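File shown: upload-v6.txt (compact mmCIF, C-alpha atoms).
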# COMPACT_ATOMS: atom_id res chain seq x y z
CA MET R 17 120.27 160.06 116.47
CA GLU R 18 123.63 161.84 116.49
CA PHE R 19 125.29 162.77 119.79
CA ILE R 20 128.36 164.70 120.89
CA ARG R 21 130.14 164.35 124.21
CA THR R 22 131.48 167.08 126.45
CA PRO R 23 135.16 166.32 127.18
CA ASP R 24 135.64 164.93 130.67
CA SER R 25 138.27 167.60 131.27
CA ALA R 26 135.51 170.23 131.28
CA PHE R 27 134.39 168.87 134.65
CA ASN R 28 137.71 168.99 136.49
CA ASN R 29 137.66 170.51 139.98
CA LEU R 30 133.97 171.36 140.20
CA PRO R 31 133.32 173.00 143.58
CA GLY R 32 131.24 170.85 145.93
CA TYR R 33 130.92 167.97 143.46
CA PRO R 34 133.40 165.22 144.44
CA PHE R 35 131.19 162.35 143.27
CA ALA R 36 132.48 159.46 141.20
CA PRO R 37 130.74 159.40 137.80
CA LYS R 38 128.72 156.37 136.78
CA TYR R 39 127.33 155.66 133.32
CA LEU R 40 124.65 153.66 131.56
CA GLU R 41 124.29 153.09 127.85
CA ILE R 42 120.83 153.85 126.52
CA ASN R 43 120.21 153.46 122.79
CA GLY R 44 123.90 153.73 122.04
CA ALA R 45 124.50 156.92 124.03
CA ARG R 46 126.19 157.43 127.40
CA LEU R 47 124.04 158.66 130.28
CA HIS R 48 125.71 159.94 133.46
CA TYR R 49 124.52 159.64 137.04
CA ILE R 50 125.81 159.82 140.59
CA ASP R 51 124.84 157.16 143.12
CA GLU R 52 125.92 157.63 146.74
CA GLY R 53 124.97 156.25 150.15
CA SER R 54 122.79 153.29 151.07
CA GLY R 55 119.30 152.59 152.38
CA GLU R 56 115.98 153.80 151.04
CA LEU R 57 116.29 155.28 147.57
CA ILE R 58 115.95 158.95 146.64
CA LEU R 59 115.97 159.81 142.91
CA CYS R 60 116.47 163.50 142.06
CA LEU R 61 115.47 164.89 138.66
CA HIS R 62 116.85 168.20 137.40
CA GLY R 63 115.28 170.64 134.99
CA GLU R 64 116.22 173.36 132.50
CA PRO R 65 119.08 174.17 131.89
CA SER R 66 120.66 172.60 134.97
CA TRP R 67 122.13 169.16 135.69
CA SER R 68 122.86 166.88 138.65
CA TYR R 69 125.24 169.54 139.99
CA LEU R 70 122.09 171.32 141.20
CA TYR R 71 121.54 168.60 143.82
CA ARG R 72 125.07 168.50 145.24
CA LYS R 73 124.01 170.17 148.52
CA PHE R 74 121.55 167.35 149.23
CA PHE R 75 124.19 164.65 149.35
CA PRO R 76 126.17 165.36 152.56
CA LEU R 77 123.07 165.01 154.77
CA LEU R 78 120.89 162.59 152.86
CA THR R 79 123.59 160.04 152.08
CA GLN R 80 124.08 159.55 155.81
CA HIS R 81 120.67 157.85 155.83
CA TYR R 82 119.69 156.98 152.25
CA ARG R 83 120.89 155.98 148.81
CA VAL R 84 120.70 159.11 146.65
CA ILE R 85 120.80 159.11 142.84
CA ALA R 86 120.82 162.10 140.52
CA PHE R 87 121.21 161.67 136.77
CA ASP R 88 121.68 164.01 133.85
CA PHE R 89 119.06 163.91 131.12
CA PHE R 90 120.56 163.55 127.66
CA GLY R 91 121.69 166.98 126.53
CA PHE R 92 122.74 168.05 130.03
CA GLY R 93 125.60 167.57 132.47
CA LYS R 94 127.99 164.72 131.73
CA SER R 95 125.48 162.83 129.59
CA ASP R 96 125.84 162.80 125.81
CA LYS R 97 124.26 165.69 123.90
CA PRO R 98 121.92 165.31 120.91
CA VAL R 99 123.12 167.40 118.00
CA LYS R 100 119.72 168.26 116.52
CA ASP R 101 117.08 170.27 118.37
CA ASP R 102 114.29 168.27 116.74
CA ASP R 103 115.58 165.03 118.27
CA CYS R 104 114.98 166.40 121.76
CA THR R 105 111.31 165.47 122.01
CA TYR R 106 109.26 164.98 125.14
CA GLN R 107 109.01 161.25 124.48
CA PHE R 108 112.79 161.03 124.10
CA HIS R 109 113.33 162.46 127.60
CA TYR R 110 110.46 160.48 129.11
CA ASN R 111 111.79 157.24 127.65
CA THR R 112 115.22 158.04 129.06
CA LEU R 113 113.76 158.06 132.57
CA VAL R 114 111.84 154.85 131.92
CA GLN R 115 114.94 153.04 130.67
CA PHE R 116 117.13 154.41 133.44
CA ALA R 117 114.76 153.12 136.14
CA GLU R 118 114.44 149.76 134.42
CA GLN R 119 118.17 149.23 133.93
CA LEU R 120 118.89 149.97 137.59
CA ASN R 121 115.68 148.22 138.73
CA LEU R 122 114.74 151.16 140.94
CA GLN R 123 112.04 150.29 143.50
CA ASN R 124 110.39 152.05 146.46
CA VAL R 125 111.64 155.36 145.13
CA THR R 126 111.25 158.74 146.81
CA LEU R 127 111.09 160.85 143.65
CA VAL R 128 112.31 164.44 144.00
CA VAL R 129 111.36 166.72 141.11
CA GLN R 130 111.85 170.36 140.16
CA ASP R 131 111.24 172.35 136.96
CA TRP R 132 111.35 169.94 133.96
CA GLY R 133 112.12 167.17 136.41
CA GLY R 134 108.47 167.53 137.39
CA LEU R 135 107.04 167.72 133.89
CA ILE R 136 108.79 164.44 133.10
CA GLY R 137 108.93 162.85 136.54
CA LEU R 138 105.31 163.32 137.60
CA PRO R 139 103.87 161.67 134.45
CA TYR R 140 106.44 158.91 134.96
CA ALA R 141 105.30 158.45 138.57
CA ALA R 142 101.66 158.35 137.47
CA ASP R 143 102.45 155.69 134.86
CA ASN R 144 104.78 153.66 137.11
CA SER R 145 103.28 154.02 140.56
CA VAL R 146 104.44 150.53 141.53
CA ARG R 147 108.01 151.90 141.67
CA ILE R 148 107.27 155.14 143.57
CA LYS R 149 106.83 155.26 147.35
CA ARG R 150 106.84 159.03 147.91
CA LEU R 151 106.91 162.29 145.97
CA VAL R 152 108.72 165.51 146.78
CA ILE R 153 107.47 168.26 144.45
CA MET R 154 109.43 171.51 144.16
CA ASN R 155 108.99 174.57 141.93
CA THR R 156 107.43 172.82 138.97
CA GLY R 157 104.11 172.49 137.16
CA LEU R 158 101.84 170.09 135.36
CA PRO R 159 100.35 172.21 132.56
CA SER R 160 97.05 171.04 131.13
CA GLY R 161 97.98 171.70 127.50
CA LEU R 162 94.51 173.17 126.99
CA GLY R 163 95.64 176.75 126.51
CA ILE R 164 94.78 179.85 128.54
CA ARG R 165 91.16 179.67 129.63
CA SER R 166 90.89 182.73 131.88
CA ILE R 167 92.49 186.07 132.65
CA THR R 168 93.58 184.57 135.98
CA GLU R 169 95.55 181.84 134.23
CA LEU R 170 97.10 184.43 131.94
CA ILE R 171 98.25 186.56 134.88
CA LYS R 172 99.62 183.59 136.82
CA GLY R 173 101.43 182.28 133.76
CA PHE R 174 103.04 185.61 132.89
CA GLY R 175 106.41 184.65 134.41
CA PHE R 176 106.60 181.53 132.29
CA PHE R 177 105.63 183.34 129.10
CA MET R 178 108.36 185.91 129.72
CA TRP R 179 110.89 183.13 130.36
CA ARG R 180 109.87 181.29 127.22
CA ARG R 181 110.18 184.43 125.14
CA ALA R 182 113.62 185.19 126.58
CA SER R 183 114.93 181.64 126.49
CA LYS R 184 116.23 181.71 122.93
CA GLY R 185 118.56 184.57 123.70
CA LEU R 186 119.52 183.22 127.10
CA MET R 187 120.54 179.86 125.65
CA ALA R 188 123.07 181.61 123.42
CA LYS R 189 124.88 182.82 126.55
CA PRO R 190 126.77 180.84 129.20
CA VAL R 191 124.26 178.71 131.10
CA GLY R 192 125.68 179.83 134.44
CA LYS R 193 124.20 183.27 133.78
CA THR R 194 120.75 181.75 133.32
CA ILE R 195 121.07 179.80 136.57
CA GLN R 196 122.05 183.00 138.34
CA LEU R 197 118.89 184.70 137.08
CA GLY R 198 116.88 181.94 138.75
CA CYS R 199 118.63 182.25 142.12
CA LYS R 200 118.23 184.68 145.00
CA THR R 201 121.78 184.23 146.22
CA SER R 202 124.83 185.57 144.39
CA LEU R 203 126.71 182.63 142.91
CA PRO R 204 130.51 182.53 142.93
CA LYS R 205 132.11 182.55 139.50
CA GLU R 206 133.32 178.97 139.89
CA VAL R 207 129.76 177.77 140.58
CA LYS R 208 128.40 179.58 137.52
CA ASP R 209 131.24 178.07 135.53
CA ALA R 210 130.25 174.60 136.81
CA TYR R 211 126.74 175.05 135.44
CA SER R 212 128.20 176.18 132.12
CA ALA R 213 130.75 173.34 131.98
CA PRO R 214 128.56 170.85 130.05
CA PHE R 215 128.24 173.30 127.16
CA PRO R 216 131.64 174.21 125.62
CA ASP R 217 129.76 176.00 122.84
CA ASN R 218 126.24 176.34 121.46
CA ASN R 219 126.50 173.09 119.48
CA TYR R 220 125.99 171.27 122.79
CA LYS R 221 122.78 173.09 123.69
CA ALA R 222 120.13 171.43 121.50
CA ALA R 223 118.21 169.98 124.46
CA ALA R 224 118.51 173.19 126.47
CA ARG R 225 117.21 175.23 123.54
CA LYS R 226 114.28 172.88 122.99
CA PHE R 227 112.95 172.36 126.52
CA PRO R 228 111.05 175.70 126.80
CA TYR R 229 109.14 174.85 123.63
CA LEU R 230 108.13 171.39 124.84
CA VAL R 231 105.91 172.80 127.59
CA PRO R 232 102.45 171.90 126.30
CA MET R 233 100.29 174.88 125.44
CA LYS R 234 97.72 173.29 123.10
CA PRO R 235 95.76 170.02 123.02
CA ARG R 236 97.79 168.68 120.07
CA ASP R 237 101.18 169.36 121.66
CA GLU R 238 103.26 166.23 122.15
CA ALA R 239 103.37 166.38 125.96
CA THR R 240 99.67 167.16 126.50
CA PRO R 241 98.49 163.51 126.77
CA TYR R 242 101.20 162.80 129.35
CA MET R 243 100.13 165.80 131.45
CA GLN R 244 96.46 164.97 131.20
CA ARG R 245 97.07 161.35 132.19
CA ALA R 246 99.26 162.42 135.11
CA ARG R 247 96.62 164.85 136.39
CA LYS R 248 94.01 162.11 136.27
CA GLU R 249 96.16 159.53 138.04
CA LEU R 250 97.60 161.89 140.66
CA ALA R 251 94.08 162.97 141.61
CA HIS R 252 93.82 159.49 143.18
CA TRP R 253 97.39 159.26 144.51
CA LYS R 254 97.44 158.40 148.21
CA ASN R 255 101.16 157.77 148.74
CA PRO R 256 102.92 160.48 150.79
CA VAL R 257 103.60 163.75 148.99
CA GLN R 258 105.65 166.68 150.32
CA ILE R 259 105.30 170.01 148.49
CA ILE R 260 108.27 172.38 148.85
CA PHE R 261 108.17 175.67 146.94
CA SER R 262 110.20 178.84 147.37
CA ASP R 263 108.92 182.34 147.99
CA GLY R 264 110.88 183.90 145.13
CA ASP R 265 110.03 181.94 142.00
CA PRO R 266 108.21 184.06 139.39
CA ILE R 267 107.81 181.11 137.02
CA THR R 268 106.15 178.32 139.03
CA GLY R 269 105.89 179.80 142.52
CA HIS R 270 102.09 180.01 142.44
CA LEU R 271 101.58 176.32 141.64
CA ASP R 272 102.12 174.82 145.09
CA LYS R 273 98.42 175.17 145.91
CA PHE R 274 97.50 173.43 142.65
CA PHE R 275 99.41 170.31 143.72
CA LYS R 276 97.97 170.49 147.22
CA ARG R 277 94.44 170.48 145.81
CA LEU R 278 95.15 167.83 143.20
CA ILE R 279 96.93 165.07 145.12
CA PRO R 280 95.25 163.39 148.12
CA GLY R 281 98.63 162.13 149.37
CA ALA R 282 99.66 165.72 150.12
CA ALA R 283 96.83 166.30 152.59
CA ASP R 284 98.70 165.09 155.68
CA PHE R 285 101.83 167.15 155.07
CA PRO R 286 101.81 170.95 155.38
CA MET R 287 103.28 172.73 152.38
CA ILE R 288 106.76 174.07 153.02
CA LYS R 289 107.66 177.55 151.81
CA ILE R 290 111.39 178.14 151.48
CA THR R 291 112.23 181.72 152.38
CA GLY R 292 114.88 183.37 150.28
CA GLY R 293 114.80 180.82 147.48
CA GLY R 294 114.47 181.48 143.77
CA HIS R 295 113.40 179.14 140.99
CA PHE R 296 116.51 177.02 141.57
CA LEU R 297 115.78 176.57 145.25
CA GLN R 298 118.20 173.63 145.53
CA GLU R 299 121.03 176.07 144.79
CA ASP R 300 119.79 178.75 147.17
CA LYS R 301 118.71 176.54 150.07
CA GLY R 302 119.91 173.01 149.34
CA GLU R 303 120.92 172.03 152.86
CA GLU R 304 117.65 173.31 154.33
CA ILE R 305 115.59 171.39 151.77
CA ALA R 306 117.58 168.21 152.39
CA ALA R 307 116.68 168.46 156.08
CA HIS R 308 112.99 168.80 155.19
CA ILE R 309 113.20 165.72 152.95
CA HIS R 310 114.87 163.73 155.72
CA GLN R 311 112.12 164.71 158.18
CA PHE R 312 109.42 163.82 155.65
CA MET R 313 110.90 160.41 154.99
CA ALA R 314 111.40 159.70 158.68
CA LYS R 315 107.68 160.36 159.27
CA THR R 316 106.59 158.03 156.49
CA LYS R 317 108.66 154.89 156.97

Using structure tokens, write down the structure that the file contains.
Amino acid sequence: MEFIRTPDSAFNNLPGYPFAPKYLEINGARLHYIDEGSGELILCLHGEPSWSYLYRKFFPLLTQHYRVIAFDFFGFGKSDKPVKDDDCTYQFHYNTLVQFAEQLNLQNVTLVVQDWGGLIGLPYAADNSVRIKRLVIMNTGLPSGLGIRSITELIKGFGFFMWRRASKGLMAKPVGKTIQLGCKTSLPKEVKDAYSAPFPDNNYKAAARKFPYLVPMKPRDEATPYMQRARKELAHWKNPVQIIFSDGDPITGHLDKFFKRLIPGAADFPMIKITGGGHFLQEDKGEEIAAHIHQFMAKTK
């Protein structure tokens, strides 16, 4: 697989992101992560087309009590970027998470997922439950891959279908503009520029272009077996689960109740609805969410 690397100079002076970069080599490519604080471990997984910058507002509070890691999937952030769209398969991203956790020997993890972080992270948790102590599920889904089976599903999925249709054009523009569309707050120019920084031009966007088309829609889609297996395993999951969704996400905002019904471990923890948050709720309300995560973890020691 051929990779390209965003010049380190593209990441100079990012607002609110003072973290020292750390790197692992996975299959000959460089993967970036940040690792701050000490104590119980929190692993944060980003989605499309964001990167670990999305979690920067979590760190000031949570690193006072915990070790917090956020990494960039290949194709995003400071990690190397595949050149070819077709190399950016679901298994490629899933295996990246597997190898990352194995290389760092991550144990007793509180796994925080949002967007594609959930579509990769929740199947990973289901397959590797021995490593996962808690789940925090935010603005994500776990699509069945069995297609649209009712008019209700069609209506609820309308936001995603519109996003998928628009994604090709959006990915040709600066990524910061796409992040802004998924936020309720108005982002300063320097923050939008920080989200765009990993992508000097469209040659760096193979993974970002491909992600919308990896969401499984049919039984034969690559990710469908992962989603089906995760649904089956999570239906018996009794470890603590906190569900945090925002009130302004047209893409996945209706799926909080699905997770509440599916996962027994969520029964003891009321769902949290973040007021004034968009799809990228970590950007809109990061400090507030970090406080909720701290409270959740303190209750479940």

Straight-line distance linking CA of Asp131 (chain R) with CA of Met154 (chain R), stated in Å to one decimal: 7.5 Å

Separation of CA of Leu59 (chain R) from CA of Asp96 (chain R) in Å: 20.0 Å

Which residue of R:Gly302, R:Pro37, R:Pro98, R:Gly293 approaches Pro76 (chain R) most closely, using all atoms listed in the file: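 Nearest to Pro76 (chain R): R:Gly302.
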
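Shortest atom-to-atom contact with Lys289 (chain R) among R:Phe261, R:Ala314, R:Ile305, R:Asp88: R:Phe261, counting all atoms listed in the file.
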
Option closest in space to Leu278 (chain R), from R:Ala251, R:Tyr229, R:Thr112, R:Ser145 [counting only C-alpha atoms]: R:Ala251

Point (101.9, 177.6, 141.7) neighbourhood (12 Å, all atoms listed in the file) written as JSON, numbers by chain: {"R": [131, 153, 154, 155, 156, 157, 158, 159, 169, 171, 172, 173, 174, 175, 176, 259, 260, 261, 262, 263, 264, 265, 266, 267, 268, 269, 270, 271, 272, 273, 274, 275, 276, 277, 278, 287, 289, 295]}

CA of Pro241 (chain R) to CA of Gly161 (chain R), straight-line distance in Å: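 For CA of Gly161 (chain R) relative to CA of Pro241 (chain R), the distance reads 8.2 Å.
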
Who sits within 8 Å of region 200-209 of chain R, only C-alpha atoms, same chain under 5 positions skipped, as an MDAnalysis selection string: chainID R and resid 30:31 191:193 195 264 292:294 300

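Between Val99 (chain R) and the residues R:Leu250, R:Met17, R:Leu162, R:Ala141, the shortest atom-to-atom distance, using only C-alpha atoms, involves R:Met17.
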
Determine, counting all atoms listed in the file, which protein, DNA and RNA residues have an atom within 7 Å of an atom of Trp253 (chain R); residues of the same chain fewer than 2 positions away are not included. Present the result as a PDB file with C-alpha atoms, in the coordinates of the input.
ATOM      1  CA  GLU R 249      96.160 159.530 138.040  1.00  0.00           C
ATOM      2  CA  LEU R 250      97.600 161.890 140.660  1.00  0.00           C
ATOM      3  CA  ALA R 251      94.080 162.970 141.610  1.00  0.00           C
ATOM      4  CA  ASN R 255     101.160 157.770 148.740  1.00  0.00           C
ATOM      5  CA  ILE R 279      96.930 165.070 145.120  1.00  0.00           C
ATOM      6  CA  PRO R 280      95.250 163.390 148.120  1.00  0.00           C
ATOM      7  CA  GLY R 281      98.630 162.130 149.370  1.00  0.00           C
TER       8      GLY R 281
END

Pick from R:Lys301, R:Lys97, R:Arg245, R:His310 nearest to Ala223 (chain R), counting only C-alpha atoms: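 Answer, going by the shortest atom-to-atom distance: R:Lys97.
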
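Checking R:Asp237, R:Phe74, R:Gly91, R:Leu230 one by one against Phe215 (chain R), counting all atoms listed in the file, you find the shortest gap at R:Gly91.
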
Residue contacts of Glu64 (chain R) (12 Å, all atoms listed in the file) excluding same-chain residues fewer than 2 positions away, as a ChimeraX atom specification: /R:61-62,66-68,70,88-93,129-136,155-156,179-180,183,186-187,191-192,194-195,198,211,221-231,295-296

Test item: which residues lie within 6 Å of (100.3, 169.7, 127.9) counting only C-alpha atoms, as a ChimeraX atom specification: /R:159-161,232-233,239-240,243
